[in-house]
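Below: one structure, written as structure tokens.
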Amino acid sequence: MSGVTEQELLTQPMLGFQALGSALDDALGRDPSVFLLGEDIADPGGGVFKVTAGLSTKYGAHRVRATPISEQAIMGAAIGAAVAGMRPVAEIMLMDFLAVCLDQLANHAAKLRYMSGGQTGVPLTVRCAAGAGMQFGAQHSEMLEAWLTHVPGLKVVVPSNPADAKGLLTACILDPDPCVIVEQSLLYFLPPQPVPVGRHIVPLGVAATARPGRDITLISYGRQVHDALAAAQLLAEEDIEAEVIDLRSLVPLDERAVLESVARTRHAVIIHEAVRRNGFGAELAAMISEHLFDELGAPVARVAGADTPIPYAKHLEDAFLPSLDAVLTAVRATLARSRARVAG
């Protein structure tokens, strides 16, 4: 076909929610043990963000099951089905609501393989929307990935683009143990990007180098990868070449990718949306410091959400979020401190 590359023939432009729906469609079509359950996920609604639109019509209400508004019921039924040999994909509409059913996820699903001596796996995938920027208010906007990464037995992924969203969700569904995929709401509606057609898997625990660089490493995941890339583009105009690492998967974590990059650049700034205090960035900073303390030109810096509930008012919500200016300031301060140390 004239003017169309081979790569373009293998991909299709998709919005974020369409890419996730494509992964679910593929999984439902290939494996009869896969089924979906959650509030309002059946047609005609197809989910509050339309991720599951059309799937109940295609596969039937017995495989795309609309549930009562009860996160405990959704999680309990999904764990029971997984133990019985099914591969459920449970939608908890908003990540804040995980608190309602966290006991079942953290104290049952995450521990059953260990407590059964490896005999009982829980092939459960939990999807949840998260993140600020859409004026959903304090109870519907949080990024709570640090809660989950603290639980042994759970895997946690946070995609930054539609192709990774499809690939990571597929990897979670195929995994023999419980996985949580955190879907930031704003990423559902980014401009369409190329997404592989058919089955697409992004292995868990493999980070991506979103932009190569020599001077400093920006480490992020989810929507803030876009902020890191925007910062790197601006810093290039100052002859600062920033490398951007997209973690994709927090558990398992690609420690090697992070450490190899920072060992080379000798500087690191971590960017995430969740509040700074006890956020996942603290774990990353500790890991880098433990392994590379003698090689760092300056302490690891963190740029994160403010330590406050997320405001509803637009101007306050914007102030809560880590800004591009904050990333640029952190990079310049880190490099200035490094230069001062060398000069002093």
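By order in the structure tokens, chains are A, B, ...; within a chain, residues start at 1; ligands start at 1, following the order shown.
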Taking the chain letters and numbering used in this document, name the residues of segment 133-299 of chain A that DSSP puts in strand (DSSP E), as a PyMOL selection string. chain A and resi 155-157+179-184+193-196+208-211+216-220+242-246+249-251+268-275
Would you write out those residues with N, CA, C and O atoms, as a short mmCIF file (atom, residue, chain, number, x, y, z; two decimals), in the first residue's frame?
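Generated output (selection_28.cif):
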data_model
loop_
_atom_site.label_atom_id
_atom_site.label_comp_id
_atom_site.auth_asym_id
_atom_site.auth_seq_id
_atom_site.Cartn_x
_atom_site.Cartn_y
_atom_site.Cartn_z
N LYS A 155 1.22 -7.57 42.27
CA LYS A 155 1.95 -6.89 41.20
C LYS A 155 1.17 -5.63 40.83
O LYS A 155 -0.07 -5.63 40.85
N VAL A 156 1.91 -4.57 40.49
CA VAL A 156 1.29 -3.27 40.25
C VAL A 156 1.90 -2.64 39.01
O VAL A 156 3.12 -2.50 38.93
N VAL A 157 1.05 -2.27 38.05
CA VAL A 157 1.54 -1.62 36.83
C VAL A 157 0.81 -0.30 36.62
O VAL A 157 -0.35 -0.15 37.03
N CYS A 179 -2.76 -9.09 40.02
CA CYS A 179 -2.14 -7.86 39.47
C CYS A 179 -3.16 -6.73 39.54
O CYS A 179 -4.35 -6.94 39.36
N VAL A 180 -2.65 -5.53 39.77
CA VAL A 180 -3.49 -4.32 39.74
C VAL A 180 -2.94 -3.40 38.66
O VAL A 180 -1.74 -3.10 38.65
N ILE A 181 -3.80 -2.98 37.75
CA ILE A 181 -3.39 -2.00 36.74
C ILE A 181 -4.06 -0.67 37.08
O ILE A 181 -5.28 -0.59 37.21
N VAL A 182 -3.23 0.35 37.27
CA VAL A 182 -3.69 1.69 37.63
C VAL A 182 -3.79 2.50 36.35
O VAL A 182 -2.79 2.74 35.67
N GLU A 183 -5.03 2.92 36.02
CA GLU A 183 -5.29 3.62 34.76
C GLU A 183 -5.61 5.08 35.07
O GLU A 183 -6.69 5.40 35.59
N GLN A 184 -4.70 5.99 34.77
CA GLN A 184 -4.95 7.39 35.07
C GLN A 184 -6.01 7.95 34.13
O GLN A 184 -5.92 7.81 32.90
N GLN A 193 -3.00 7.16 19.57
CA GLN A 193 -1.62 6.76 19.29
C GLN A 193 -1.63 5.35 18.69
O GLN A 193 -2.58 4.58 18.91
N PRO A 194 -0.57 4.98 17.95
CA PRO A 194 -0.54 3.63 17.35
C PRO A 194 -0.51 2.54 18.43
O PRO A 194 0.28 2.61 19.36
N VAL A 195 -1.39 1.58 18.27
CA VAL A 195 -1.46 0.44 19.19
C VAL A 195 -1.43 -0.84 18.36
O VAL A 195 -2.16 -0.94 17.37
N PRO A 196 -0.59 -1.82 18.73
CA PRO A 196 -0.54 -3.06 17.96
C PRO A 196 -1.91 -3.73 17.87
O PRO A 196 -2.66 -3.80 18.84
N ALA A 208 10.96 1.09 30.18
CA ALA A 208 11.29 1.59 28.84
C ALA A 208 12.10 2.87 28.96
O ALA A 208 11.85 3.69 29.85
N THR A 209 13.07 3.02 28.07
CA THR A 209 13.77 4.30 27.97
C THR A 209 13.00 5.16 26.98
O THR A 209 13.08 4.97 25.77
N ALA A 210 12.23 6.09 27.52
CA ALA A 210 11.37 6.91 26.68
C ALA A 210 12.15 7.96 25.92
O ALA A 210 11.72 8.45 24.87
N ARG A 211 13.32 8.33 26.45
CA ARG A 211 14.20 9.29 25.77
C ARG A 211 15.60 9.08 26.32
O ARG A 211 15.80 9.08 27.54
N ILE A 216 21.32 13.60 33.16
CA ILE A 216 20.47 13.36 34.32
C ILE A 216 19.36 12.39 33.94
O ILE A 216 18.94 12.36 32.77
N THR A 217 18.92 11.58 34.90
CA THR A 217 17.86 10.61 34.64
C THR A 217 16.56 11.07 35.30
O THR A 217 16.54 11.34 36.50
N LEU A 218 15.51 11.18 34.51
CA LEU A 218 14.17 11.47 35.02
C LEU A 218 13.41 10.16 35.07
O LEU A 218 13.23 9.50 34.04
N ILE A 219 12.97 9.76 36.26
CA ILE A 219 12.31 8.47 36.46
C ILE A 219 10.85 8.72 36.80
O ILE A 219 10.53 9.47 37.74
N SER A 220 9.96 8.10 36.03
CA SER A 220 8.54 8.34 36.28
C SER A 220 7.72 7.15 35.80
O SER A 220 8.26 6.15 35.33
N ALA A 242 18.53 15.06 29.17
CA ALA A 242 17.90 14.26 30.23
C ALA A 242 17.42 12.93 29.66
O ALA A 242 16.77 12.89 28.61
N GLU A 243 17.73 11.85 30.36
CA GLU A 243 17.21 10.54 29.99
C GLU A 243 15.91 10.29 30.76
O GLU A 243 15.84 10.56 31.96
N VAL A 244 14.89 9.80 30.08
CA VAL A 244 13.60 9.57 30.71
C VAL A 244 13.35 8.06 30.77
O VAL A 244 13.31 7.38 29.75
N ILE A 245 13.17 7.55 31.99
CA ILE A 245 12.86 6.14 32.21
C ILE A 245 11.39 6.03 32.59
O ILE A 245 10.94 6.61 33.57
N ASP A 246 10.64 5.28 31.80
CA ASP A 246 9.23 4.99 32.09
C ASP A 246 9.20 3.61 32.76
O ASP A 246 9.41 2.59 32.12
N SER A 249 6.05 -0.74 35.23
CA SER A 249 5.71 -1.74 36.25
C SER A 249 6.45 -1.37 37.53
O SER A 249 7.67 -1.22 37.53
N LEU A 250 5.69 -1.20 38.63
CA LEU A 250 6.30 -0.86 39.91
C LEU A 250 6.67 -2.11 40.69
O LEU A 250 7.67 -2.15 41.39
N VAL A 251 5.83 -3.14 40.58
CA VAL A 251 6.13 -4.47 41.14
C VAL A 251 5.73 -5.49 40.08
O VAL A 251 4.55 -5.57 39.75
N ALA A 268 19.64 12.07 39.41
CA ALA A 268 18.30 11.51 39.26
C ALA A 268 17.24 12.42 39.85
O ALA A 268 17.42 12.98 40.94
N VAL A 269 16.14 12.56 39.11
CA VAL A 269 14.93 13.23 39.61
C VAL A 269 13.76 12.27 39.39
O VAL A 269 13.58 11.76 38.29
N ILE A 270 13.00 12.02 40.45
CA ILE A 270 11.84 11.11 40.39
C ILE A 270 10.57 11.96 40.36
O ILE A 270 10.44 12.92 41.13
N ILE A 271 9.67 11.59 39.47
CA ILE A 271 8.43 12.38 39.30
C ILE A 271 7.23 11.45 39.40
O ILE A 271 7.14 10.48 38.65
N HIS A 272 6.33 11.73 40.34
CA HIS A 272 5.06 11.00 40.37
C HIS A 272 3.96 11.89 40.91
O HIS A 272 4.21 12.92 41.56
N GLU A 273 2.72 11.50 40.61
CA GLU A 273 1.56 12.33 40.97
C GLU A 273 1.13 12.15 42.41
O GLU A 273 0.60 13.07 43.03
N ALA A 274 1.31 10.95 42.96
CA ALA A 274 0.90 10.71 44.33
C ALA A 274 1.62 11.66 45.28
O ALA A 274 2.69 12.18 44.96
N VAL A 275 1.03 11.87 46.46
CA VAL A 275 1.65 12.79 47.41
C VAL A 275 3.08 12.34 47.73
O VAL A 275 3.39 11.15 47.74
#
Determine, counting only C-alpha atoms, which protein, DNA and RNA residues have an atom within 10 Å of an atom of segment 43-45 of chain A; residues of the same chain fewer than 6 positions away are not included. Present the result as a PyMOL selection string. chain A and resi 51-58+60-61+64+66
Write down as a VMD selection string the residues of segment 16-193 of chain A whose backbone DSSP state falls under helix (DSSP H, G or I). chain A and resid 16 to 30 55 to 59 71 to 83 95 to 109 112 to 115 145 to 149 162 to 174 185 to 189
Within 9 Å of segment 19-35 of chain A, which residues of segment 149-215 of chain A come that close, and what is the closest atom pair and distance in Å for each? Count only C-alpha atoms and give it as a Markdown table.
| residue | atom | partner | partner_atom | distance |
| --- | --- | --- | --- | --- |
| A:Pro162 | CA | A:Ala19 | CA | 5.5 |
| A:Ala163 | CA | A:Ala19 | CA | 6.7 |
| A:Asp164 | CA | A:Ala19 | CA | 8.7 |
| A:Ala165 | CA | A:Leu20 | CA | 6.1 |
| A:Lys166 | CA | A:Leu20 | CA | 5.1 |
| A:Gly167 | CA | A:Ala23 | CA | 7.4 |
| A:Leu169 | CA | A:Ala23 | CA | 6.6 |
| A:Thr170 | CA | A:Ala23 | CA | 5.8 |
| A:Ile173 | CA | A:Ala27 | CA | 7.6 |
| A:Leu174 | CA | A:Ala27 | CA | 8.7 |
| A:Tyr188 | CA | A:Ala19 | CA | 8.9 |
| A:Val195 | CA | A:Ala19 | CA | 6.9 |
| A:Val197 | CA | A:Ser22 | CA | 8.4 |
| A:Gly198 | CA | A:Asp26 | CA | 6.8 |
| A:Arg199 | CA | A:Asp26 | CA | 6.4 |
| A:His200 | CA | A:Ala23 | CA | 7.7 |
Residues from the last selection, N, CA, C and O atoms, saved as a CSV table (one decimal), in the first residue's frame:
chain,number,residue,atom,x,y,z
A,162,PRO,N,-1.3,4.4,25.3
A,162,PRO,CA,-2.3,3.3,25.0
A,162,PRO,C,-1.6,2.0,24.6
A,162,PRO,O,-2.2,1.0,25.0
A,163,ALA,N,-0.5,2.0,23.9
A,163,ALA,CA,0.1,0.7,23.6
A,163,ALA,C,0.5,-0.1,24.8
A,163,ALA,O,0.3,-1.3,24.9
A,164,ASP,N,1.2,0.6,25.7
A,164,ASP,CA,1.6,0.0,27.0
A,164,ASP,C,0.3,-0.5,27.8
A,164,ASP,O,0.4,-1.5,28.5
A,165,ALA,N,-0.7,0.4,27.8
A,165,ALA,CA,-1.9,0.0,28.5
A,165,ALA,C,-2.5,-1.3,28.0
A,165,ALA,O,-2.8,-2.2,28.8
A,166,LYS,N,-2.5,-1.5,26.7
A,166,LYS,CA,-3.0,-2.8,26.2
A,166,LYS,C,-2.0,-3.9,26.6
A,166,LYS,O,-2.4,-5.0,27.0
A,167,GLY,N,-0.7,-3.7,26.4
A,167,GLY,CA,0.3,-4.7,26.6
A,167,GLY,C,0.4,-5.1,28.1
A,167,GLY,O,0.5,-6.3,28.4
A,169,LEU,N,-2.0,-4.7,30.4
A,169,LEU,CA,-3.3,-5.3,30.9
A,169,LEU,C,-3.3,-6.8,30.4
A,169,LEU,O,-3.7,-7.7,31.2
A,170,THR,N,-2.8,-7.1,29.2
A,170,THR,CA,-2.8,-8.5,28.7
A,170,THR,C,-1.8,-9.3,29.5
A,170,THR,O,-2.1,-10.4,29.9
A,173,ILE,N,-3.5,-10.2,32.8
A,173,ILE,CA,-4.5,-11.2,32.7
A,173,ILE,C,-3.9,-12.6,32.5
A,173,ILE,O,-4.4,-13.6,33.1
A,174,LEU,N,-2.7,-12.7,31.9
A,174,LEU,CA,-2.0,-14.0,31.7
A,174,LEU,C,-1.2,-14.4,32.9
A,174,LEU,O,-0.8,-15.6,33.0
A,188,TYR,N,-7.1,8.2,29.4
A,188,TYR,CA,-8.1,7.5,28.6
A,188,TYR,C,-8.4,8.3,27.3
A,188,TYR,O,-8.8,7.8,26.3
A,195,VAL,N,-1.4,1.6,18.3
A,195,VAL,CA,-1.5,0.4,19.2
A,195,VAL,C,-1.4,-0.8,18.4
A,195,VAL,O,-2.2,-0.9,17.4
A,197,VAL,N,-2.2,-4.2,16.7
A,197,VAL,CA,-3.5,-4.9,16.5
A,197,VAL,C,-3.3,-6.4,16.9
A,197,VAL,O,-2.2,-7.0,16.8
A,198,GLY,N,-4.3,-7.0,17.5
A,198,GLY,CA,-4.3,-8.4,18.0
A,198,GLY,C,-3.6,-8.4,19.3
A,198,GLY,O,-3.5,-7.5,20.0
A,199,ARG,N,-3.1,-9.6,19.6
A,199,ARG,CA,-2.5,-9.8,21.0
A,199,ARG,C,-1.2,-9.0,21.1
A,199,ARG,O,-0.3,-9.1,20.2
A,200,HIS,N,-1.1,-8.3,22.2
A,200,HIS,CA,0.1,-7.4,22.4
A,200,HIS,C,0.4,-7.5,23.9
A,200,HIS,O,-0.4,-7.3,24.8
Atom-to-atom span, atom CA of Gly297 of chain A and atom CA of Val258 of chain A, Å: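 Separating atom CA of Gly297 of chain A from atom CA of Val258 of chain A is a distance of 15.9 Å.
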For Ala129 of chain A, list every protein, DNA or RNA residue within 12 Å, evaluated using only C-alpha atoms, and leave out those in the same chain fewer than 4 positions away; present the list as a PyMOL selection string. chain A and resi 16-17+20+47-51+90-98+134+136+140-145+158-159+180-188+222
As an exercise, work out the distance from atom CA of Val151 of chain A to atom CA of Thr125 of chain A in Å and give it to one decimal place.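 Value for the atom CA of Val151 of chain A-atom CA of Thr125 of chain A distance: 15.4 Å.
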Please, what distance in Å, to one decimal, runs between atom CA of Ala326 of chain A and atom CA of Val300 of chain A?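 Rounded to one decimal, the two atoms are 14.5 Å apart.
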Which one of A:Ser261, A:Leu247, A:His108, A:Ser116 sits closest to Gln224 of chain A if you count only C-alpha atoms?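 Selected residue with least distance to Gln224 of chain A: A:Leu247.
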